[in-house]
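A.B. asks: What follows is input_33.txt; its format and atoms are compact mmCIF, C-alpha atoms.
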```
# COMPACT_ATOMS: atom_id res chain seq x y z
CA ILE I 1 0.00 0.00 0.00
CA ASN I 2 1.29 3.46 -0.92
CA THR I 3 1.29 4.78 2.61
CA HIS I 4 1.99 8.45 1.91
CA THR I 5 -1.48 8.83 0.43
CA HIS I 6 -3.22 8.40 3.74
CA THR I 7 -0.86 8.30 6.70
CA HIS I 8 -1.82 11.87 7.57
CA THR I 9 -5.51 11.03 7.61
CA PRO I 10 -6.63 10.10 11.12
CA LEU I 11 -10.24 9.53 10.13
CA ARG I 12 -11.24 5.94 10.83
CA SER I 13 -14.03 5.97 8.27
CA ILE I 14 -11.69 6.99 5.42
CA ASN I 15 -9.14 4.30 6.44
CA GLN I 16 -11.84 1.67 6.27
CA LEU I 17 -12.87 2.93 2.85
CA LEU I 18 -9.31 2.71 1.52
CA ILE I 19 -8.67 -0.75 2.97
CA GLY I 20 -11.96 -1.96 1.56
CA ALA I 21 -10.98 -0.70 -1.89
CA VAL I 22 -7.66 -2.56 -1.72
CA GLN I 23 -9.31 -5.81 -0.63
CA MET I 24 -11.90 -5.59 -3.38
CA ARG I 25 -9.20 -5.11 -6.04
CA ILE I 26 -7.14 -8.05 -4.65
CA LYS I 27 -10.16 -10.32 -4.68
CA ALA I 28 -11.08 -9.30 -8.20
CA SER I 29 -7.56 -9.85 -9.51
CA GLN I 30 -7.20 -13.28 -7.85
CA SER I 31 -10.39 -14.53 -9.42
CA SER I 32 -9.29 -13.47 -12.88
CA GLY I 33 -5.71 -14.75 -12.43
CA ASP I 34 -4.34 -11.44 -13.68
CA ARG I 35 -1.04 -11.00 -11.75
CA HIS I 36 -0.46 -7.57 -13.27
CA SER I 37 -3.87 -6.38 -12.10
CA GLN I 38 -3.17 -7.77 -8.63
CA SER I 39 0.14 -5.96 -8.28
CA LYS I 40 -1.37 -2.76 -9.65
CA SER I 41 -4.20 -2.90 -7.16
CA MET I 42 -1.76 -2.76 -4.28
CA VAL I 43 -1.05 0.89 -5.22
CA LEU I 44 -4.03 3.16 -4.72
CA GLN I 45 -4.91 5.20 -7.78
CA ASP I 46 -6.43 8.68 -7.74
CA SER I 47 -9.78 7.19 -8.69
CA ASP I 48 -9.73 5.11 -5.51
CA LEU I 49 -9.49 8.17 -3.29
CA PRO I 50 -12.50 10.24 -2.32
CA GLN I 51 -13.22 12.60 -5.23
CA LYS I 52 -13.91 15.71 -3.17
CA PRO I 53 -11.22 17.38 -1.06
CA ILE I 54 -11.70 16.95 2.64
CA SER I 55 -13.26 20.21 3.77
CA ARG I 56 -11.90 21.83 6.89
CA HIS I 57 -15.24 21.94 8.59
CA ARG I 58 -15.48 18.14 8.40
CA ARG I 59 -12.09 17.89 10.04
CA ASN I 60 -13.23 20.36 12.65
CA GLN I 61 -16.07 18.03 13.45
CA SER I 62 -13.78 15.03 13.85
CA GLN I 63 -11.01 16.84 15.73
CA HIS I 64 -13.02 19.11 18.00
CA ASN I 65 -16.43 17.51 17.79
CA VAL I 66 -17.99 20.96 17.64
CA ALA I 67 -21.02 19.78 15.77
CA GLY I 68 -21.43 16.95 18.26
CA THR I 69 -21.28 19.44 21.09
CA LEU I 70 -23.96 21.59 19.52
CA ALA I 71 -26.14 18.61 18.79
CA SER I 72 -25.73 17.22 22.27
CA GLU I 73 -27.02 20.42 23.86
CA PRO I 74 -30.65 19.90 24.83
CA SER I 75 -32.90 21.87 22.46
CA VAL I 76 -35.10 24.38 24.23
CA GLU I 77 -38.66 23.81 23.08
CA PHE I 78 -41.96 24.69 24.73
CA LYS I 79 -45.00 23.00 23.27
CA GLY I 80 -47.23 26.00 23.94
CA GLU I 81 -48.78 28.29 26.52
CA ASN I 82 -50.94 31.42 26.57
CA LEU I 83 -48.91 34.61 27.03
CA ASN I 84 -49.88 38.25 26.67
CA VAL I 85 -48.00 39.65 23.68
CA ALA I 86 -47.66 43.18 22.28
CA ARG I 87 -45.60 44.19 19.26
CA ILE I 88 -44.34 47.73 19.85
CA SER I 89 -42.03 48.02 16.86
CA GLU I 90 -41.73 46.41 13.44
CA SER I 91 -38.36 46.70 11.68
CA GLY I 92 -37.57 49.77 13.76
CA LYS I 93 -40.91 51.50 13.15
CA LYS I 94 -42.86 52.13 16.35
CA GLN I 95 -46.36 50.72 16.64
CA ARG I 96 -49.19 51.28 19.05
CA LYS I 97 -48.94 48.85 21.92
CA THR I 98 -51.91 46.49 21.98
CA TRP I 99 -51.78 43.50 24.30
CA THR I 100 -53.28 40.28 22.96
CA SER I 101 -53.44 36.85 24.52
CA MET I 102 -51.54 34.51 22.14
CA TRP I 103 -50.83 30.78 22.12
CA THR I 104 -47.03 30.86 22.20
CA VAL I 105 -44.75 28.06 20.99
CA LEU I 106 -40.95 28.05 21.29
CA THR I 107 -38.68 26.00 19.02
CA SER I 108 -34.89 25.91 18.87
CA ASP I 109 -34.66 29.03 16.71
CA HIS I 110 -38.18 30.45 16.38
CA LEU I 111 -40.89 31.87 18.61
CA MET I 112 -44.35 31.41 17.12
CA PHE I 113 -47.58 33.15 18.08
CA TYR I 114 -51.03 31.77 17.33
CA LYS I 115 -54.43 33.25 18.03
CA ASP I 116 -55.36 30.08 19.89
CA ARG I 117 -54.25 26.51 20.42
CA GLN I 118 -56.43 25.18 17.62
CA GLN I 119 -54.69 27.42 15.12
CA GLU I 120 -51.35 25.76 15.91
CA THR I 121 -52.68 22.36 14.89
CA SER I 122 -53.97 23.79 11.60
CA LEU I 123 -50.43 25.06 10.90
CA LYS I 124 -51.71 28.51 10.03
CA PRO I 125 -50.12 31.08 12.35
CA GLY I 126 -52.56 33.90 12.93
CA GLY I 127 -52.14 37.63 12.91
CA LYS I 128 -49.17 39.74 11.92
CA THR I 129 -47.02 38.54 14.81
CA ASP I 130 -46.72 34.88 13.94
CA VAL I 131 -43.07 33.79 13.57
CA VAL I 132 -40.11 35.49 15.25
CA GLN I 133 -36.55 34.59 14.26
CA LEU I 134 -34.40 34.25 17.40
CA GLY I 135 -31.03 34.44 15.66
CA GLY I 136 -29.26 37.59 16.87
CA ALA I 137 -32.17 38.56 19.13
CA VAL I 138 -31.92 40.19 22.57
CA VAL I 139 -34.19 39.39 25.51
CA GLU I 140 -34.37 41.53 28.65
CA TRP I 141 -36.72 42.37 31.52
CA THR I 142 -38.40 45.78 31.35
CA THR I 143 -40.48 47.91 33.68
CA GLU I 144 -40.56 51.05 31.54
CA LYS I 145 -42.49 49.76 28.54
CA SER I 146 -45.60 48.70 30.44
CA SER I 147 -47.35 49.18 33.76
CA LYS I 148 -48.00 45.43 33.85
CA LYS I 149 -45.91 43.16 36.04
CA ASN I 150 -43.60 40.38 34.79
CA VAL I 151 -42.91 41.95 31.40
CA PHE I 152 -39.85 41.19 29.29
CA GLN I 153 -38.86 42.49 25.87
CA LEU I 154 -37.65 40.55 22.85
CA THR I 155 -35.79 42.57 20.21
CA THR I 156 -35.00 40.82 16.92
CA ASN I 157 -31.97 41.45 14.74
CA THR I 158 -34.26 43.27 12.28
CA GLY I 159 -35.31 45.84 14.88
CA SER I 160 -38.76 44.45 15.70
CA GLU I 161 -39.69 44.61 19.41
CA TYR I 162 -42.14 42.43 21.30
CA LEU I 163 -43.34 42.62 24.88
CA LEU I 164 -44.27 39.32 26.55
CA GLN I 165 -46.06 39.05 29.87
CA ALA I 166 -47.63 36.53 32.20
CA ASP I 167 -49.60 37.25 35.35
CA ASN I 168 -47.59 34.61 37.19
CA TYR I 169 -43.90 35.48 37.70
CA ALA I 170 -42.81 31.83 37.59
CA THR I 171 -44.41 31.44 34.16
CA ALA I 172 -42.85 34.65 32.84
CA ASN I 173 -39.44 33.74 34.23
CA LYS I 174 -39.64 30.24 32.74
CA TRP I 175 -40.26 31.68 29.27
CA TYR I 176 -37.62 34.37 29.74
CA ASP I 177 -34.98 31.74 30.56
CA ALA I 178 -36.08 29.40 27.77
CA ILE I 179 -36.08 32.12 25.10
CA GLY I 180 -32.71 33.36 26.36
CA LYS I 181 -31.25 29.86 26.02
CA ALA I 182 -32.75 29.45 22.54
CA VAL I 183 -31.24 32.78 21.49
CA HIS I 184 -27.85 31.76 22.88
CA SER I 185 -28.01 28.38 21.16
CA SER I 186 -29.07 29.99 17.87
CA VAL I 187 -26.14 32.41 18.03
CA ARG I 188 -23.66 29.58 18.64
CA THR I 189 -25.07 27.51 15.80
CA HIS I 190 -25.08 30.52 13.47
CA PHE I 191 -21.46 31.29 14.33
CA PHE I 192 -20.39 27.68 13.81
CA LEU I 193 -22.11 27.37 10.46
CA ASN I 194 -20.56 30.63 9.26
CA HIS I 195 -17.18 29.39 10.46
CA GLN I 196 -17.76 26.18 8.51
CA SER I 197 -18.66 27.92 5.29
CA ASN I 198 -15.73 30.32 5.52
CA SER I 199 -13.24 27.44 5.73
CA THR I 200 -13.35 26.05 2.16
CA GLU I 201 -16.31 27.34 0.22
CA TYR I 202 -14.73 30.73 -0.44
CA LEU I 203 -11.44 29.35 -1.78
CA PRO I 204 -10.80 30.06 -5.49
CA ARG I 205 -12.13 27.27 -7.67
CA HIS I 206 -8.71 26.46 -9.16
CA SER I 207 -7.07 26.16 -5.74
CA SER I 208 -6.73 22.92 -3.80
CA LEU I 209 -6.14 22.12 -0.20
CA PRO I 210 -2.54 21.23 0.69
CA ASP I 211 -2.11 17.47 1.09
CA ARG I 212 0.64 17.68 3.71
CA GLY I 213 0.15 19.11 7.14
CA SER I 214 -3.28 20.47 6.25
CA LEU I 215 -4.94 18.36 8.88
CA LYS I 216 -2.80 19.74 11.66
CA HIS I 217 -5.12 22.65 12.24
CA SER I 218 -6.45 22.36 15.77
CA THR I 219 -4.07 24.95 17.19
CA SER I 220 -4.63 27.48 14.42
CA ASP I 221 -8.42 27.00 14.51
CA SER I 222 -8.47 27.53 18.27
CA ALA I 223 -6.44 30.67 17.78
CA ASP I 224 -8.91 31.82 15.14
CA LYS I 225 -11.83 31.26 17.51
CA ASN I 226 -10.07 33.12 20.31
CA GLY I 227 -9.27 35.91 17.89
CA VAL I 228 -12.92 36.25 16.90
CA LYS I 229 -13.99 36.25 20.54
CA ASN I 230 -11.42 38.90 21.41
CA ARG I 231 -12.47 41.10 18.51
CA LEU I 232 -16.11 40.78 19.52
CA LYS I 233 -15.27 41.68 23.12
CA LYS I 234 -13.28 44.71 21.98
CA PHE I 235 -16.11 45.81 19.70
CA ILE I 236 -18.67 45.53 22.49
CA THR I 237 -16.51 47.36 25.04
CA ARG I 238 -15.67 50.11 22.56
CA ARG I 239 -19.27 50.57 21.48
CA PRO I 240 -20.32 54.12 22.46
CA SER I 241 -23.16 54.52 24.92
CA MET I 242 -26.52 55.98 23.96
CA LYS I 243 -25.66 59.09 25.98
CA THR I 244 -22.42 59.58 24.03
CA LEU I 245 -24.22 59.23 20.70
CA GLN I 246 -26.82 61.74 21.84
CA GLU I 247 -24.15 64.19 22.99
CA LYS I 248 -22.45 63.96 19.59
CA GLY I 249 -25.78 64.56 17.86
CA LEU I 250 -25.78 61.17 16.11
CA ILE I 251 -28.93 60.08 17.91
CA LYS I 252 -31.57 62.63 18.83
CA ASP I 253 -34.38 62.22 21.32
CA ARG I 254 -37.67 61.92 19.52
CA VAL I 255 -40.92 63.69 20.28
CA PHE I 256 -43.32 61.32 18.53
CA GLY I 257 -43.50 57.93 20.25
CA CYS I 258 -41.86 59.18 23.46
CA HIS I 259 -43.46 58.62 26.86
CA LEU I 260 -45.32 61.75 27.96
CA SER I 261 -43.56 61.90 31.33
CA THR I 262 -40.13 61.37 29.71
CA LEU I 263 -40.76 64.08 27.13
CA CYS I 264 -41.98 66.58 29.73
CA GLN I 265 -39.03 65.81 32.00
CA ARG I 266 -36.63 66.38 29.11
CA GLU I 267 -38.31 69.68 28.21
CA GLU I 268 -38.65 70.67 31.88
CA THR I 269 -42.36 71.31 31.53
CA THR I 270 -45.65 69.55 32.26
CA VAL I 271 -47.13 70.04 28.79
CA PRO I 272 -45.09 69.08 25.68
CA LYS I 273 -43.96 72.11 23.67
CA PHE I 274 -45.25 70.55 20.46
CA VAL I 275 -48.77 70.27 21.93
CA ARG I 276 -48.72 73.92 23.01
CA THR I 277 -47.44 75.02 19.59
CA CYS I 278 -50.17 73.12 17.74
CA LEU I 279 -52.98 74.36 19.99
CA ASP I 280 -51.76 77.95 19.64
CA ALA I 281 -51.74 77.60 15.84
CA VAL I 282 -55.31 76.25 15.79
CA ASP I 283 -56.46 78.98 18.19
CA LYS I 284 -54.92 81.55 15.86
CA ARG I 285 -56.23 80.37 12.48
CA GLY I 286 -58.34 77.23 12.79
CA LEU I 287 -61.27 77.79 15.13
CA GLU I 288 -63.64 78.79 12.34
CA VAL I 289 -62.43 76.21 9.78
CA ASP I 290 -65.12 73.77 8.67
CA GLY I 291 -64.56 70.28 10.16
CA ILE I 292 -61.54 71.25 12.24
CA TYR I 293 -60.02 68.04 13.75
CA ARG I 294 -62.53 65.93 11.80
CA VAL I 295 -61.09 66.59 8.32
CA SER I 296 -57.81 64.80 7.58
CA GLY I 297 -54.75 66.66 6.32
CA ASN I 298 -52.31 65.48 3.66
CA LEU I 299 -50.51 62.49 5.19
CA ALA I 300 -47.22 63.13 3.38
CA THR I 301 -47.10 66.70 4.71
CA ILE I 302 -48.03 65.48 8.21
CA GLN I 303 -45.13 62.99 8.09
CA LYS I 304 -42.83 65.79 6.92
CA LEU I 305 -43.92 67.91 9.91
CA ARG I 306 -43.33 64.96 12.20
CA PHE I 307 -39.81 64.52 10.80
CA VAL I 308 -39.01 68.20 11.43
CA VAL I 309 -40.23 67.92 15.03
CA ASP I 310 -38.28 64.71 15.72
CA GLN I 311 -35.11 66.23 14.27
CA GLU I 312 -35.48 69.14 16.70
CA GLU I 313 -35.40 71.62 13.87
CA ASP I 314 -36.89 75.08 14.42
CA LEU I 315 -40.65 74.68 14.05
CA ASP I 316 -42.57 77.63 12.66
CA LEU I 317 -46.16 76.62 12.02
CA ASP I 318 -46.79 80.00 10.39
CA HIS I 319 -44.52 78.92 7.51
CA SER I 320 -46.29 78.49 4.17
CA GLN I 321 -45.61 74.73 4.03
CA TRP I 322 -47.83 74.29 7.09
CA GLU I 323 -50.56 76.66 5.88
CA ASP I 324 -53.16 73.86 5.79
CA ILE I 325 -54.40 73.83 9.38
CA HIS I 326 -55.61 70.24 8.91
CA VAL I 327 -51.94 69.21 8.65
CA VAL I 328 -51.32 70.74 12.09
CA THR I 329 -54.36 69.06 13.66
CA GLY I 330 -53.43 65.78 11.94
CA ALA I 331 -49.91 65.91 13.41
CA LEU I 332 -51.32 66.67 16.87
CA LYS I 333 -53.67 63.68 16.71
CA MET I 334 -50.79 61.50 15.48
CA PHE I 335 -48.69 62.63 18.45
CA PHE I 336 -51.36 61.46 20.90
CA ARG I 337 -51.99 58.18 19.02
CA GLU I 338 -48.30 57.26 19.06
CA LEU I 339 -47.79 57.75 22.78
CA PRO I 340 -46.55 54.41 24.22
CA GLU I 341 -49.12 54.95 26.96
CA PRO I 342 -52.14 57.12 26.13
CA LEU I 343 -53.04 60.45 27.71
CA PHE I 344 -55.56 58.47 29.81
CA PRO I 345 -53.07 55.92 31.29
CA PHE I 346 -53.84 52.22 30.94
CA ARG I 347 -54.49 51.68 34.64
CA PHE I 348 -57.17 54.40 34.52
CA PHE I 349 -59.09 53.00 31.56
CA GLN I 350 -61.45 50.76 33.53
CA PRO I 351 -62.00 53.26 36.39
CA PHE I 352 -63.06 55.89 33.83
CA VAL I 353 -65.43 53.36 32.23
CA GLU I 354 -66.98 52.65 35.63
CA ALA I 355 -67.26 56.39 36.36
CA ILE I 356 -69.07 57.12 33.09
CA LYS I 357 -71.64 54.43 33.97
CA VAL I 358 -72.75 56.38 37.05
CA LYS I 359 -76.34 57.54 36.54
CA GLU I 360 -76.54 60.61 38.77
CA SER I 361 -74.93 63.66 37.09
CA LYS I 362 -73.21 65.27 40.07
CA SER I 363 -71.82 61.96 41.28
CA LYS I 364 -70.54 61.24 37.79
CA ILE I 365 -68.80 64.63 37.62
CA GLN I 366 -67.16 64.08 41.00
CA ALA I 367 -66.06 60.55 40.08
CA VAL I 368 -64.44 61.72 36.82
CA LYS I 369 -62.91 64.80 38.47
CA LYS I 370 -61.38 62.65 41.22
CA LEU I 371 -59.81 60.31 38.67
CA ILE I 372 -58.31 63.21 36.68
CA GLN I 373 -56.81 64.65 39.87
CA GLU I 374 -55.11 61.30 40.47
CA LEU I 375 -53.40 61.38 37.07
CA PRO I 376 -49.66 62.10 36.81
CA LYS I 377 -48.97 65.83 36.54
CA PRO I 378 -48.01 65.81 32.82
CA ASN I 379 -51.19 63.89 31.90
CA GLN I 380 -53.35 66.13 34.05
CA ASP I 381 -51.93 69.43 32.77
CA THR I 382 -51.87 68.32 29.12
CA MET I 383 -55.47 67.15 29.44
CA LYS I 384 -56.57 70.43 31.00
CA LEU I 385 -54.92 72.51 28.25
CA LEU I 386 -56.36 70.30 25.49
CA PHE I 387 -59.95 70.34 26.80
CA SER I 388 -59.78 74.10 27.40
CA HIS I 389 -58.81 74.46 23.73
CA LEU I 390 -61.58 72.09 22.58
CA ASN I 391 -64.04 74.27 24.52
CA ARG I 392 -62.94 77.21 22.38
CA VAL I 393 -63.45 75.06 19.27
CA LEU I 394 -67.03 74.37 20.42
CA ALA I 395 -67.62 78.09 20.90
CA PHE I 396 -67.34 78.41 17.09
CA SER I 397 -69.47 75.34 16.33
CA ARG I 398 -71.81 77.31 14.05
CA LYS I 399 -68.92 78.01 11.72
CA ASN I 400 -66.74 74.92 12.10
CA LEU I 401 -69.76 72.57 12.37
CA MET I 402 -68.13 70.58 15.16
CA SER I 403 -70.22 69.27 18.07
CA THR I 404 -69.33 67.64 21.38
CA GLN I 405 -70.33 64.30 19.88
CA GLY I 406 -68.14 64.90 16.81
CA ILE I 407 -65.14 65.81 18.95
CA GLY I 408 -65.80 62.78 21.16
CA ILE I 409 -65.74 60.49 18.11
CA VAL I 410 -62.44 62.01 16.92
CA PHE I 411 -60.61 62.14 20.26
CA GLY I 412 -62.11 59.13 22.08
CA PRO I 413 -59.84 56.46 20.53
CA THR I 414 -57.01 59.00 20.18
CA LEU I 415 -56.67 59.81 23.88
CA MET I 416 -57.49 56.45 25.48
CA TRP I 417 -57.43 52.75 24.69
CA PRO I 418 -57.16 49.57 26.81
CA GLU I 419 -53.76 47.98 27.38
CA LEU I 420 -55.05 44.48 26.61
CA ASP I 421 -57.27 44.02 23.59
CA SER I 422 -60.09 41.92 25.02
CA GLY I 423 -61.99 41.77 21.75
CA ASN I 424 -64.67 44.28 22.83
CA MET I 425 -63.42 46.97 20.47
CA ALA I 426 -66.89 48.28 19.59
CA VAL I 427 -67.93 48.47 23.25
CA ASN I 428 -64.67 50.15 24.22
CA MET I 429 -65.07 52.72 21.48
CA VAL I 430 -68.52 53.67 22.78
CA TYR I 431 -67.10 54.28 26.25
CA GLN I 432 -64.06 56.13 24.86
CA ASN I 433 -66.28 58.54 22.96
CA GLN I 434 -68.68 59.00 25.90
CA ILE I 435 -65.88 59.74 28.36
CA VAL I 436 -64.25 62.39 26.15
CA GLU I 437 -67.63 63.93 25.32
CA PHE I 438 -68.67 64.06 28.99
CA ILE I 439 -65.37 65.64 30.11
CA LEU I 440 -65.69 68.19 27.31
CA ILE I 441 -69.24 69.13 28.35
CA GLU I 442 -68.32 69.35 32.04
CA SER I 443 -64.77 70.65 31.57
CA ARG I 444 -65.37 73.95 33.34
CA GLU I 445 -66.44 72.11 36.50
CA ILE I 446 -63.93 69.29 36.21
CA PHE I 447 -60.88 71.49 35.49
CA ASN I 448 -62.06 74.60 37.34
CA LEU I 449 -61.63 76.63 34.15
CA ASP I 450 -63.50 79.68 35.49
CA LYS I 451 -61.06 79.95 38.40
CA LYS I 452 -57.76 81.75 37.87
```
Could you render the structure as structure tokens?

C.D. replies:
Amino acid sequence: INTHTHTHTPLRSINQLLIGAVQMRIKASQSSGDRHSQSKSMVLQDSDLPQKPISRHRRNQSQHNVAGTLASEPSVEFKGENLNVARISESGKKQRKTWTSMWTVLTSDHLMFYKDRQQETSLKPGGKTDVVQLGGAVVEWTTEKSSKKNVFQLTTNTGSEYLLQADNYATANKWYDAIGKAVHSSVRTHFFLNHQSNSTEYLPRHSSLPDRGSLKHSTSDSADKNGVKNRLKKFITRRPSMKTLQEKGLIKDRVFGCHLSTLCQREETTVPKFVRTCLDAVDKRGLEVDGIYRVSGNLATIQKLRFVVDQEEDLDLDHSQWEDIHVVTGALKMFFRELPEPLFPFRFFQPFVEAIKVKESKSKIQAVKKLIQELPKPNQDTMKLLFSHLNRVLAFSRKNLMSTQGIGIVFGPTLMWPELDSGNMAVNMVYQNQIVEFILIESREIFNLDKK
């Protein structure tokens, strides 16, 4: 046997293949009596060797058993459980937070949401939030994104953000740990596969692997892995903080989509400057406009105004590009709709619904007034300024053709919505409209508007 063709190959399976080839040739030659064929068969020809070069990633598997290690790790899979889920961002674009109870299933690299358990068996994931890729995702507990308890956030590598919650801490913590392990496992597998593909598949087609010493790679491969780890660590430690990026002007604090309390704290006020600016503009040139707040402005221009506000550019609503007052009112309504938590905070939604059900008028006024006085200062002051303005809009109802009912329909779902979508959207909308309409009618008493 020509030993130099395989002495450097420690793979048992390849040895067996070579020996088997030799034995088959010997047997064939003996039966035919061809001595020349027998002697020739003792030297392995190129055709007897495996046709494809031995790729490095296969050798990695045999030497380091990396693939075996990954495979031996127990896969994290949960067959399914009901969790409260809210998608607050899709590919970096903020969305209104709406909690929905979803049948949640975890696999080794995906998190799947179904409307109910039956939908899982039909293999038709329901809704827009159905399959979440866990590769490159980040999972972390959060108390800022929701007033609910036991909430954690999952951020995908595409910028989509999900909030997951369970009433029971043990359940939430179980899912948090399981998703974290699945993310970690997915990252390791992704790194290993990339490392595999980079080993031979990107070599030039005319090149070949060296046949001597090429299998003695364990030291260099370990060094490569350590090098990658060190570079990743350096990258992470050198990564500038959010504060640094903000100080350099690379990242600016937004106005739209920011928590009301956070925005007011940043501006050192209790009513956002943008809200004041919009209300002043409508007071100046929009009170007599037909269908004010009901008529929609040009969406492209509204988005342009939003961009200017978020970029903290000087905002002059008297400029000709904002001459359509419906653009200003449209941007104001968009600001309230995109609050992570509405002007009427989530925890106050049901108490306001119960208050509006009170039959006796004075008791109802006192119940609503008491709830408003319990609101955080920014919510309370912003609400007072807004309803004072809407009272002035009503004073011109003969010209602008807006009524308390019309304003209630416009601002009901804009200023308040439930944290968890219970499916009673139509019923909720009726209460939303009634609450805004009632506060508008009784605003002088509720906010003490006649008192200086």

A.B. asks: Restricting the calculation to all atoms listed in the file, which member of I:Leu164, I:Leu232, I:Val328, I:Leu315 is positioned closest to I:Leu299?

C.D. replies: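 The answer is I:Val328, which sits nearest to I:Leu299.
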
A.B. asks: Please provide as a PyMOL selection string all residues within 9 Å of I:Glu288, with the sequence filter that same-chain residues fewer than 5 positions apart are discarded (counting only C-alpha atoms).

C.D. replies: chain I and resi 393+396-401

A.B. asks: If we count only C-alpha atoms, what is near I:Gly406 at a cut-off of 8 Å, once residues fewer than 4 positions away on the same chain are taken out, given as a list in words?

C.D. replies: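 These residues fall inside the cut-off: Arg294, Met402 and Val410 of chain I.
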
A.B. asks: Between atom CA of I:Arg276 and atom CA of I:Leu385, what is the distance, to one decimal in Å?

C.D. replies: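 Distance between the two atoms: 8.2 Å.
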
A.B. asks: Hey, can I get the axis-aligned box for stretch 106-118 of chain I? All listed atoms, 5 Å padding on each side, centre and edge lengths in Å to one decimal, as lines of an AutoDock Vina configuration file.

C.D. replies:
```
center_x = -45.5
center_y = 29.2
center_z = 18.8
size_x = 31.8
size_y = 18.1
size_z = 14.9
```

A.B. asks: Which residue, I:Asp116, I:Glu161, I:Glu437, I:Asp290, has the smallest gap to I:Gln95 when you use only C-alpha atoms?

C.D. replies: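 Closest candidate: I:Glu161.
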
A.B. asks: Do you know which residues are at most 9 Å from I:Asp253 counting only C-alpha atoms, after dropping those on the same chain fewer than 4 positions away, and could you put them as JSON, numbers by chain?

C.D. replies: {"I": [246, 258, 263, 310, 311, 312]}

A.B. asks: Pick out the closest residue to I:Gly297 from this set: I:Ile325, I:Val275, I:Leu386, I:Val228. Count all atoms listed in the file.

C.D. replies: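 Residue with the minimum atom-to-atom distance to I:Gly297: I:Ile325.
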
A.B. asks: Would you save stretch 389-403 of chain I to a file, keeping N, CA and C atoms, as a CSV table (one decimal), in the first residue's frame?

C.D. replies:
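Listed below is the output, result.csv:
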```csv
chain,number,residue,atom,x,y,z
I,389,HIS,N,-58.9,74.1,25.1
I,389,HIS,CA,-58.8,74.5,23.7
I,389,HIS,C,-60.0,73.9,23.0
I,390,LEU,N,-60.4,72.7,23.3
I,390,LEU,CA,-61.6,72.1,22.6
I,390,LEU,C,-62.9,72.8,22.9
I,391,ASN,N,-62.9,73.4,24.1
I,391,ASN,CA,-64.0,74.3,24.5
I,391,ASN,C,-64.1,75.5,23.6
I,392,ARG,N,-63.0,76.0,23.3
I,392,ARG,CA,-62.9,77.2,22.4
I,392,ARG,C,-63.4,76.8,21.0
I,393,VAL,N,-63.0,75.6,20.6
I,393,VAL,CA,-63.5,75.1,19.3
I,393,VAL,C,-65.0,75.0,19.2
I,394,LEU,N,-65.6,74.5,20.3
I,394,LEU,CA,-67.0,74.4,20.4
I,394,LEU,C,-67.7,75.7,20.4
I,395,ALA,N,-67.0,76.7,20.9
I,395,ALA,CA,-67.6,78.1,20.9
I,395,ALA,C,-67.9,78.6,19.5
I,396,PHE,N,-67.2,78.0,18.5
I,396,PHE,CA,-67.3,78.4,17.1
I,396,PHE,C,-68.0,77.3,16.3
I,397,SER,N,-68.9,76.5,17.0
I,397,SER,CA,-69.5,75.3,16.3
I,397,SER,C,-70.4,75.7,15.2
I,398,ARG,N,-70.9,76.9,15.2
I,398,ARG,CA,-71.8,77.3,14.1
I,398,ARG,C,-71.0,77.5,12.8
I,399,LYS,N,-69.8,77.8,12.9
I,399,LYS,CA,-68.9,78.0,11.7
I,399,LYS,C,-68.1,76.8,11.4
I,400,ASN,N,-67.6,76.1,12.4
I,400,ASN,CA,-66.7,74.9,12.1
I,400,ASN,C,-67.5,73.6,12.1
I,401,LEU,N,-68.8,73.7,12.4
I,401,LEU,CA,-69.8,72.6,12.4
I,401,LEU,C,-69.3,71.4,13.2
I,402,MET,N,-68.6,71.7,14.3
I,402,MET,CA,-68.1,70.6,15.2
I,402,MET,C,-69.0,70.6,16.4
I,403,SER,N,-69.4,69.4,16.9
I,403,SER,CA,-70.2,69.3,18.1
I,403,SER,C,-69.4,68.5,19.1
```
